[in-house]
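Q: Input structure: target34.txt, which contains compact mmCIF, C-alpha atoms.
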# COMPACT_ATOMS: atom_id res chain seq x y z
CA MET A 1 89.15 167.43 97.75
CA PRO A 2 89.65 163.66 97.81
CA HIS A 3 87.64 161.49 95.44
CA ALA A 4 84.07 160.96 96.69
CA ALA A 5 84.75 157.25 97.19
CA LEU A 6 87.37 158.17 99.78
CA SER A 7 84.82 159.38 102.30
CA LYS A 8 84.58 158.74 106.01
CA ASN A 9 83.05 155.36 106.94
CA HIS A 10 83.40 154.05 103.40
CA VAL A 11 85.19 150.72 102.96
CA ALA A 12 88.53 150.07 101.23
CA VAL A 13 90.03 146.69 100.38
CA VAL A 14 93.76 146.53 99.60
CA THR A 15 95.51 143.40 98.39
CA GLY A 16 99.23 143.02 98.93
CA ALA A 17 98.67 145.21 101.98
CA ALA A 18 101.23 143.75 104.37
CA SER A 19 104.06 145.95 103.10
CA GLY A 20 105.16 148.53 100.58
CA ILE A 21 102.70 150.53 98.51
CA GLY A 22 99.76 148.45 99.74
CA LEU A 23 100.48 149.17 103.39
CA ALA A 24 101.08 152.87 102.69
CA ALA A 25 97.76 153.06 100.86
CA ALA A 26 95.93 151.24 103.64
CA LYS A 27 97.27 153.74 106.17
CA ARG A 28 96.23 156.67 104.01
CA PHE A 29 92.71 155.32 103.55
CA ALA A 30 92.41 154.75 107.30
CA ASP A 31 93.66 158.26 108.00
CA LEU A 32 90.84 159.58 105.79
CA GLY A 33 88.32 157.77 107.98
CA LEU A 34 87.66 154.72 105.83
CA LYS A 35 87.28 151.23 107.22
CA VAL A 36 90.15 149.24 105.77
CA VAL A 37 90.59 145.57 104.93
CA LEU A 38 94.16 144.37 104.45
CA ALA A 39 94.45 141.25 102.32
CA ASP A 40 97.73 139.39 101.97
CA LEU A 41 99.25 135.99 102.59
CA PRO A 42 98.78 134.72 106.16
CA GLY A 43 101.45 135.38 108.73
CA GLU A 44 102.94 137.82 111.18
CA ARG A 45 103.57 140.50 108.53
CA LEU A 46 99.86 140.81 107.80
CA GLN A 47 98.93 141.04 111.45
CA ALA A 48 101.67 143.60 112.13
CA ALA A 49 100.50 145.68 109.17
CA ALA A 50 96.92 145.66 110.45
CA ALA A 51 98.15 146.85 113.84
CA GLU A 52 99.97 149.74 112.17
CA VAL A 53 96.86 150.75 110.24
CA ALA A 54 94.70 150.51 113.37
CA LYS A 55 96.89 153.18 115.00
CA VAL A 56 95.68 155.78 112.47
CA ALA A 57 92.12 154.52 111.97
CA ALA A 58 89.36 156.61 113.55
CA GLY A 59 87.83 153.57 115.22
CA GLY A 60 91.11 151.82 115.92
CA ALA A 61 91.09 148.06 115.50
CA ASN A 62 87.30 148.11 115.04
CA ASP A 63 87.77 149.82 111.67
CA VAL A 64 90.50 147.48 110.42
CA ALA A 65 90.46 143.84 109.34
CA ALA A 66 93.30 141.59 108.23
CA ILE A 67 92.05 138.78 106.02
CA ALA A 68 94.55 136.19 104.81
CA THR A 69 94.09 135.85 101.06
CA ASP A 70 96.04 134.30 98.22
CA VAL A 71 94.94 136.33 95.19
CA SER A 72 96.08 133.58 92.85
CA GLN A 73 93.12 131.53 94.12
CA PRO A 74 89.75 132.83 92.85
CA ASP A 75 87.83 131.06 95.61
CA GLU A 76 89.85 132.95 98.21
CA LEU A 77 88.94 136.24 96.54
CA VAL A 78 85.28 135.23 96.61
CA ALA A 79 85.66 134.44 100.32
CA LEU A 80 87.39 137.79 100.85
CA ALA A 81 84.48 139.66 99.25
CA ARG A 82 82.01 137.76 101.41
CA SER A 83 83.95 138.41 104.60
CA VAL A 84 84.26 142.13 103.86
CA ARG A 85 80.53 142.41 103.17
CA GLU A 86 79.69 140.62 106.42
CA ARG A 87 82.14 142.73 108.46
CA PHE A 88 81.75 146.22 106.99
CA GLY A 89 79.13 146.20 104.22
CA HIS A 90 79.54 147.78 100.79
CA VAL A 91 83.02 148.17 99.29
CA HIS A 92 83.85 151.60 97.85
CA VAL A 93 87.58 151.25 97.11
CA LEU A 94 89.34 148.18 95.75
CA MET A 95 93.09 148.35 95.28
CA ASN A 96 94.39 145.31 93.44
CA ASN A 97 98.01 145.73 94.45
CA ALA A 98 99.34 142.25 95.23
CA GLY A 99 102.35 141.34 93.12
CA ILE A 100 105.41 139.10 93.04
CA GLN A 101 108.65 139.12 91.10
CA PRO A 102 110.64 135.90 91.52
CA GLY A 103 112.50 136.60 88.29
CA SER A 104 112.11 134.85 84.95
CA SER A 105 113.91 134.08 81.73
CA MET A 106 112.44 133.20 78.37
CA PHE A 107 113.24 129.51 78.66
CA GLY A 108 113.63 129.34 82.42
CA PRO A 109 111.48 127.51 84.96
CA LEU A 110 107.80 127.35 84.01
CA GLU A 111 106.76 127.67 87.65
CA ASN A 112 108.18 131.21 87.74
CA TRP A 113 106.07 132.21 84.76
CA GLU A 114 102.96 130.61 86.20
CA ALA A 115 103.41 132.17 89.65
CA VAL A 116 103.97 135.70 88.34
CA ILE A 117 101.12 135.68 85.85
CA THR A 118 98.70 134.01 88.25
CA VAL A 119 99.30 136.57 91.00
CA ASN A 120 100.08 139.75 89.07
CA LEU A 121 97.56 139.41 86.26
CA TRP A 122 94.89 136.92 87.27
CA GLY A 123 94.80 138.39 90.78
CA VAL A 124 93.83 141.74 89.24
CA ILE A 125 91.38 140.26 86.75
CA ASN A 126 89.63 138.07 89.30
CA GLY A 127 89.68 140.73 92.00
CA SER A 128 88.03 143.24 89.67
CA ARG A 129 85.47 140.80 88.31
CA ILE A 130 84.52 139.54 91.76
CA PHE A 131 84.21 142.94 93.49
CA ALA A 132 83.07 145.28 90.72
CA PRO A 133 79.49 144.05 90.14
CA ALA A 134 78.50 144.68 93.78
CA MET A 135 80.35 148.01 93.77
CA ILE A 136 78.34 149.09 90.73
CA ALA A 137 75.08 147.76 92.16
CA HIS A 138 75.17 149.69 95.45
CA GLY A 139 75.16 152.93 93.45
CA GLU A 140 77.68 154.91 95.51
CA PRO A 141 80.97 156.37 94.21
CA GLY A 142 83.69 153.76 93.90
CA LEU A 143 87.30 153.30 92.82
CA ILE A 144 89.19 150.31 91.48
CA ILE A 145 92.94 150.97 91.48
CA ASN A 146 95.09 148.37 89.76
CA THR A 147 98.84 148.46 90.28
CA GLY A 148 100.71 148.15 87.00
CA SER A 149 104.31 148.92 86.12
CA LYS A 150 106.34 150.88 83.61
CA GLN A 151 107.81 147.50 82.71
CA GLY A 152 104.39 146.60 81.33
CA ILE A 153 104.58 149.57 78.93
CA THR A 154 108.20 149.81 77.78
CA THR A 155 108.87 146.08 78.44
CA PRO A 156 112.65 146.16 79.01
CA PRO A 157 114.55 142.88 78.60
CA GLY A 158 115.40 140.83 81.65
CA ASP A 159 112.16 139.61 83.24
CA PRO A 160 109.66 138.67 80.53
CA ALA A 161 107.07 137.04 82.79
CA TYR A 162 106.79 140.17 84.92
CA ASN A 163 106.52 142.36 81.82
CA VAL A 164 103.81 140.17 80.34
CA SER A 165 101.83 140.23 83.59
CA LYS A 166 102.01 144.02 83.94
CA ALA A 167 101.26 144.63 80.27
CA GLY A 168 98.16 142.54 80.82
CA VAL A 169 97.19 144.64 83.85
CA LYS A 170 97.41 147.79 81.69
CA VAL A 171 95.24 146.36 78.92
CA PHE A 172 92.73 144.87 81.35
CA THR A 173 92.37 148.09 83.34
CA GLU A 174 91.86 150.14 80.18
CA ALA A 175 89.11 147.74 79.13
CA LEU A 176 87.63 147.80 82.63
CA GLN A 177 87.39 151.60 82.67
CA HIS A 178 85.80 151.57 79.21
CA GLU A 179 83.20 149.10 80.49
CA LEU A 180 82.51 151.08 83.65
CA ARG A 181 82.10 154.44 81.92
CA ASN A 182 79.65 152.89 79.47
CA THR A 183 77.56 151.19 82.16
CA GLU A 184 74.41 153.20 82.83
CA GLY A 185 74.26 154.62 86.34
CA CYS A 186 77.72 153.35 87.24
CA LYS A 187 79.64 155.54 89.70
CA VAL A 188 82.74 153.32 89.82
CA ALA A 189 85.92 154.33 88.01
CA ALA A 190 89.06 152.31 87.34
CA HIS A 191 92.58 153.74 87.47
CA LEU A 192 96.00 152.34 86.58
CA LEU A 193 98.75 153.03 89.11
CA ILE A 194 102.15 153.02 87.40
CA PRO A 195 104.83 153.37 90.09
CA GLY A 196 108.35 154.54 89.41
CA PHE A 197 111.33 153.18 91.34
CA VAL A 198 109.91 152.53 94.80
CA TYR A 199 111.85 151.03 97.69
CA THR A 200 109.76 148.06 98.85
CA SER A 201 110.38 144.45 99.81
CA LEU A 202 109.77 143.58 96.14
CA THR A 203 112.53 145.87 94.89
CA ALA A 204 114.97 145.82 97.83
CA GLN A 205 117.09 142.97 96.42
CA GLY A 206 118.97 142.62 99.67
CA ARG A 207 119.40 146.35 100.29
CA THR A 208 118.59 147.53 103.80
CA GLU A 209 118.51 151.26 103.02
CA LYS A 210 116.49 153.14 100.43
CA PRO A 211 118.55 154.04 97.34
CA ALA A 212 118.75 157.76 96.67
CA GLY A 213 116.92 157.35 93.35
CA ALA A 214 113.90 155.58 94.83
CA TRP A 215 110.69 157.01 96.21
CA THR A 216 109.18 155.70 99.41
CA PRO A 217 105.80 153.94 99.26
CA GLU A 218 104.35 156.96 101.04
CA GLN A 219 105.55 159.33 98.31
CA THR A 220 103.98 157.05 95.72
CA VAL A 221 100.66 157.06 97.56
CA ASP A 222 100.83 160.87 97.89
CA PHE A 223 101.18 161.10 94.13
CA MET A 224 98.38 158.57 93.63
CA MET A 225 96.00 160.56 95.81
CA ASP A 226 96.75 163.80 93.95
CA SER A 227 96.22 162.01 90.63
CA LEU A 228 92.89 160.54 91.75
CA GLU A 229 91.77 164.01 92.79
CA ARG A 230 92.57 165.25 89.26
CA GLY A 231 90.73 162.30 87.73
CA ASP A 232 93.82 160.85 86.02
CA PHE A 233 93.39 157.33 84.68
CA TYR A 234 97.09 156.75 84.06
CA ILE A 235 98.83 157.50 87.36
CA LEU A 236 102.37 157.70 85.96
CA CYS A 237 104.68 158.24 88.92
CA PRO A 238 108.13 159.79 88.67
CA ASP A 239 110.87 159.09 91.21
CA ASN A 240 114.13 160.69 92.29
CA GLU A 241 115.93 159.51 89.14
CA VAL A 242 113.34 159.72 86.37
CA VAL A 243 111.14 162.73 85.62
CA ARG A 244 107.87 162.51 83.72
CA SER A 245 109.31 163.88 80.48
CA THR A 246 111.80 161.00 80.38
CA ASP A 247 109.04 158.45 80.97
CA GLU A 248 106.99 160.03 78.20
CA LYS A 249 109.87 159.78 75.72
CA ARG A 250 110.55 156.15 76.64
CA ILE A 251 106.86 155.32 76.14
CA LEU A 252 106.72 157.18 72.81
CA TRP A 253 109.85 155.41 71.60
CA ALA A 254 108.40 152.01 72.49
CA ALA A 255 105.23 152.79 70.54
CA GLY A 256 107.40 154.05 67.69
CA ASP A 257 108.92 150.60 67.25
CA ILE A 258 105.61 149.60 65.66
CA VAL A 259 104.94 152.83 63.77
CA GLU A 260 108.51 153.10 62.42
CA ASN A 261 108.82 149.34 61.86
CA ARG A 262 111.93 149.12 64.01
CA PRO A 263 113.07 145.89 65.68
CA PRO A 264 111.26 145.17 68.95
CA LEU A 265 112.90 146.63 72.05
CA SER A 266 114.99 148.83 69.77
CA ARG A 267 116.16 150.89 72.76
CA TRP A 268 118.46 147.96 73.51
CA HIS A 269 119.29 147.10 69.85
CA PRO A 270 122.85 147.95 68.76
CA ASP A 271 121.62 149.54 65.53
CA HIS A 272 119.17 151.89 67.26
CA GLY A 273 120.70 152.67 70.66
CA ASP A 274 122.32 155.91 69.50
CA ALA A 275 119.10 157.09 67.85
CA PHE A 276 117.22 156.49 71.08
CA LYS A 277 119.76 158.43 73.11
CA ALA A 278 119.47 161.33 70.65
CA PHE A 279 115.68 161.18 70.91
CA LEU A 280 115.89 161.19 74.70
CA ASP A 281 118.17 164.23 74.68
CA ARG A 282 115.97 166.17 72.26
CA ASP A 283 114.10 169.16 73.77
Before we go any further, please render this structure as structure tokens.
A:
Amino acid sequence: MPHAALSKNHVAVVTGAASGIGLAAAKRFADLGLKVVLADLPGERLQAAAAEVAKVAAGGANDVAAIATDVSQPDELVALARSVRERFGHVHVLMNNAGIQPGSSMFGPLENWEAVITVNLWGVINGSRIFAPAMIAHGEPGLIINTGSKQGITTPPGDPAYNVSKAGVKVFTEALQHELRNTEGCKVAAHLLIPGFVYTSLTAQGRTEKPAGAWTPEQTVDFMMDSLERGDFYILCPDNEVVRSTDEKRILWAAGDIVENRPPLSRWHPDHGDAFKAFLDRD
């Protein structure tokens, strides 16, 4: 059975809902009978996404709202929470999914660093802090799903700002769940969604067809829903290229850099690359 928060006539808010994983999740929530609020930057994409969700919602357009929101602006998140409360009442599901990836380099443009961290990390922190107190207070089952990334765990070289933002999402969501489970009477749980390779507008990089190795957003949401039903906190998604056992070894190796006192990012270090490959091939 779906999580109790995902019940008919409950309310879900999804940020970054105009495309990709956010849109797929919004459709799934609507299909389960929830009233759904899509939050994203203003424009035709947001309105088109809301129209798609309305097609599967039990009450059609009456059960769907598109609210233009820039998650990098805390006052807009406060306004979003107020608008949702006035339109639909209590929020039961919050999916902090909005994210950007303009690319970064260690000594590259500061504005890239600021944009990524403000949206990807502060959007999650502020979204959770603004919505969670009311979700706890109404006393009904609730979910906060924060979209992280494997890049925030194994932190591969190439886009340090993105890695920093997603590592922060992981740490914040772990702390959030600890806080929630130790709050008396709280029926809200936090979960960390860790997608694999998913074909979305964020990852397309000019491609017009899904690569064979990528999952669709819908496959990712299918996996998320199954994981929520099991009660998993870490929703570690595979894809068509990488199975869970490979992810587990990559994560263990990254942690081992500290334990074994190896150089950081030793997977990509010339003195340790062969050892990593042997570790990955080990049964």
Q: I'd like a table as CSV: residues in stretch 24-64 of chain A with an atom no more than 10 Å from stretch 79-97 of chain A, each row giving the shortest atom pair and its distance in Å to one decimal, all atoms listed in the file counted, sorted by chain and rising residue number.
A:
residue,atom,partner,partner_atom,distance
A:Ala25,CA,A:Met95,CA,8.7
A:Ala26,CA,A:Met95,CA,9.3
A:Phe29,CA,A:Val93,CA,9.2
A:Leu34,CA,A:His92,CA,9.4
A:Lys35,CA,A:Phe88,CA,7.5
A:Val36,CA,A:Phe88,CA,9.0
A:Val37,CA,A:Val84,CA,7.3
A:Ala39,CA,A:Leu80,CA,8.0
A:Asp40,CA,A:Asn97,CA,9.8
A:Asn62,CA,A:Arg87,CA,9.9
A:Asp63,CA,A:Phe88,CA,8.4
A:Val64,CA,A:Phe88,CA,9.5
Q: Quick one: residues within 7 Å of A:Asp159, only C-alpha atoms, excluding same-chain residues fewer than 5 positions away - as an MDAnalysis selection string?
A: chainID A and resid 103:105
Q: Could those selected residues go to a file with C-alpha atoms, as a compact mmCIF listing (two decimals), in the coordinates of the input?
A:
# COMPACT_ATOMS: atom_id res chain seq x y z
CA GLY A 103 112.50 136.60 88.29
CA SER A 104 112.11 134.85 84.95
CA SER A 105 113.91 134.08 81.73
Q: Kindly indicate which residue among A:Val124, A:Leu180, A:Ala65, A:Val242 lies nearest to A:Ala137, using only C-alpha atoms for the distances.
A: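 Of A:Val124, A:Leu180, A:Ala65, A:Val242, the one nearest A:Ala137, counting only C-alpha atoms, is A:Leu180.
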Q: Show me, as a PyMOL selection string, the residues that have an atom within 12 Å of A:Leu23 when counting all atoms listed in the file, minus same-chain residues fewer than 5 positions from it.
A: chain A and resi 13-18+28-30+36-40+45-54+66+95+97-98+200-201+216-218+220-221
Q: Could you tell me how far atom CA of A:Ile251 lies from atom CA of A:Thr154, in Å and to one decimal?
A: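 Computing the Euclidean distance for atom CA of A:Ile251 and atom CA of A:Thr154 yields 5.9 Å.
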Q: Would you compute the distance between atom CA of A:Tyr234 and atom CA of A:Pro156? Give it in Å to one decimal.
A: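 Separation between atom CA of A:Tyr234 and atom CA of A:Pro156: 19.5 Å.
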Q: Find the residues around stretch 263-278 of chain A up to 8 Å (only C-alpha atoms counted), leave out those fewer than 5 positions away in its own chain, and share them as a list in words.
A: Thr155, Pro156, Pro157, Trp253, Ala254, Asp257 and Ile258 of chain A
Q: In terms of the shortest atom-to-atom distance over only C-alpha atoms, which of A:His178, A:Lys150, A:Arg262, A:Lys210 is closest to A:Arg244?
A: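 Among the listed residues, A:Lys150 lies closest to A:Arg244.
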Q: Have a look at A:Ala161, A:Leu41, A:Met224, A:Cys186 and name the one nearest to A:Phe107; count only C-alpha atoms.
A: A:Ala161
Q: For A:Thr183, which of A:Asp222, A:Ala5, A:Phe197, A:Gly139 is the closest residue, counting only C-alpha atoms?
A: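 So, comparing all the options, the nearest one is A:Gly139.
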Q: When distances are computed from all atoms listed in the file, which of A:Gly33, A:Gly20, A:Gly127, A:Pro211 shows the smallest separation from A:Asp70?
A: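 Going through A:Gly33, A:Gly20, A:Gly127, A:Pro211 one by one, the smallest distance to A:Asp70 is for A:Gly127.
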Q: Atom CA of A:Leu6 to atom CA of A:Asp226: how many Å, to one decimal?
A: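 For atom CA of A:Leu6 relative to atom CA of A:Asp226, the distance reads 12.4 Å.
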Q: When you look at A:Ile235 with a cut-off of 6 Å (counting only C-alpha atoms), what residues show up, excluding the ones that are within fewer than 5 positions of it in the same chain? I need them as number ranges by chain.
A: A: 192-194
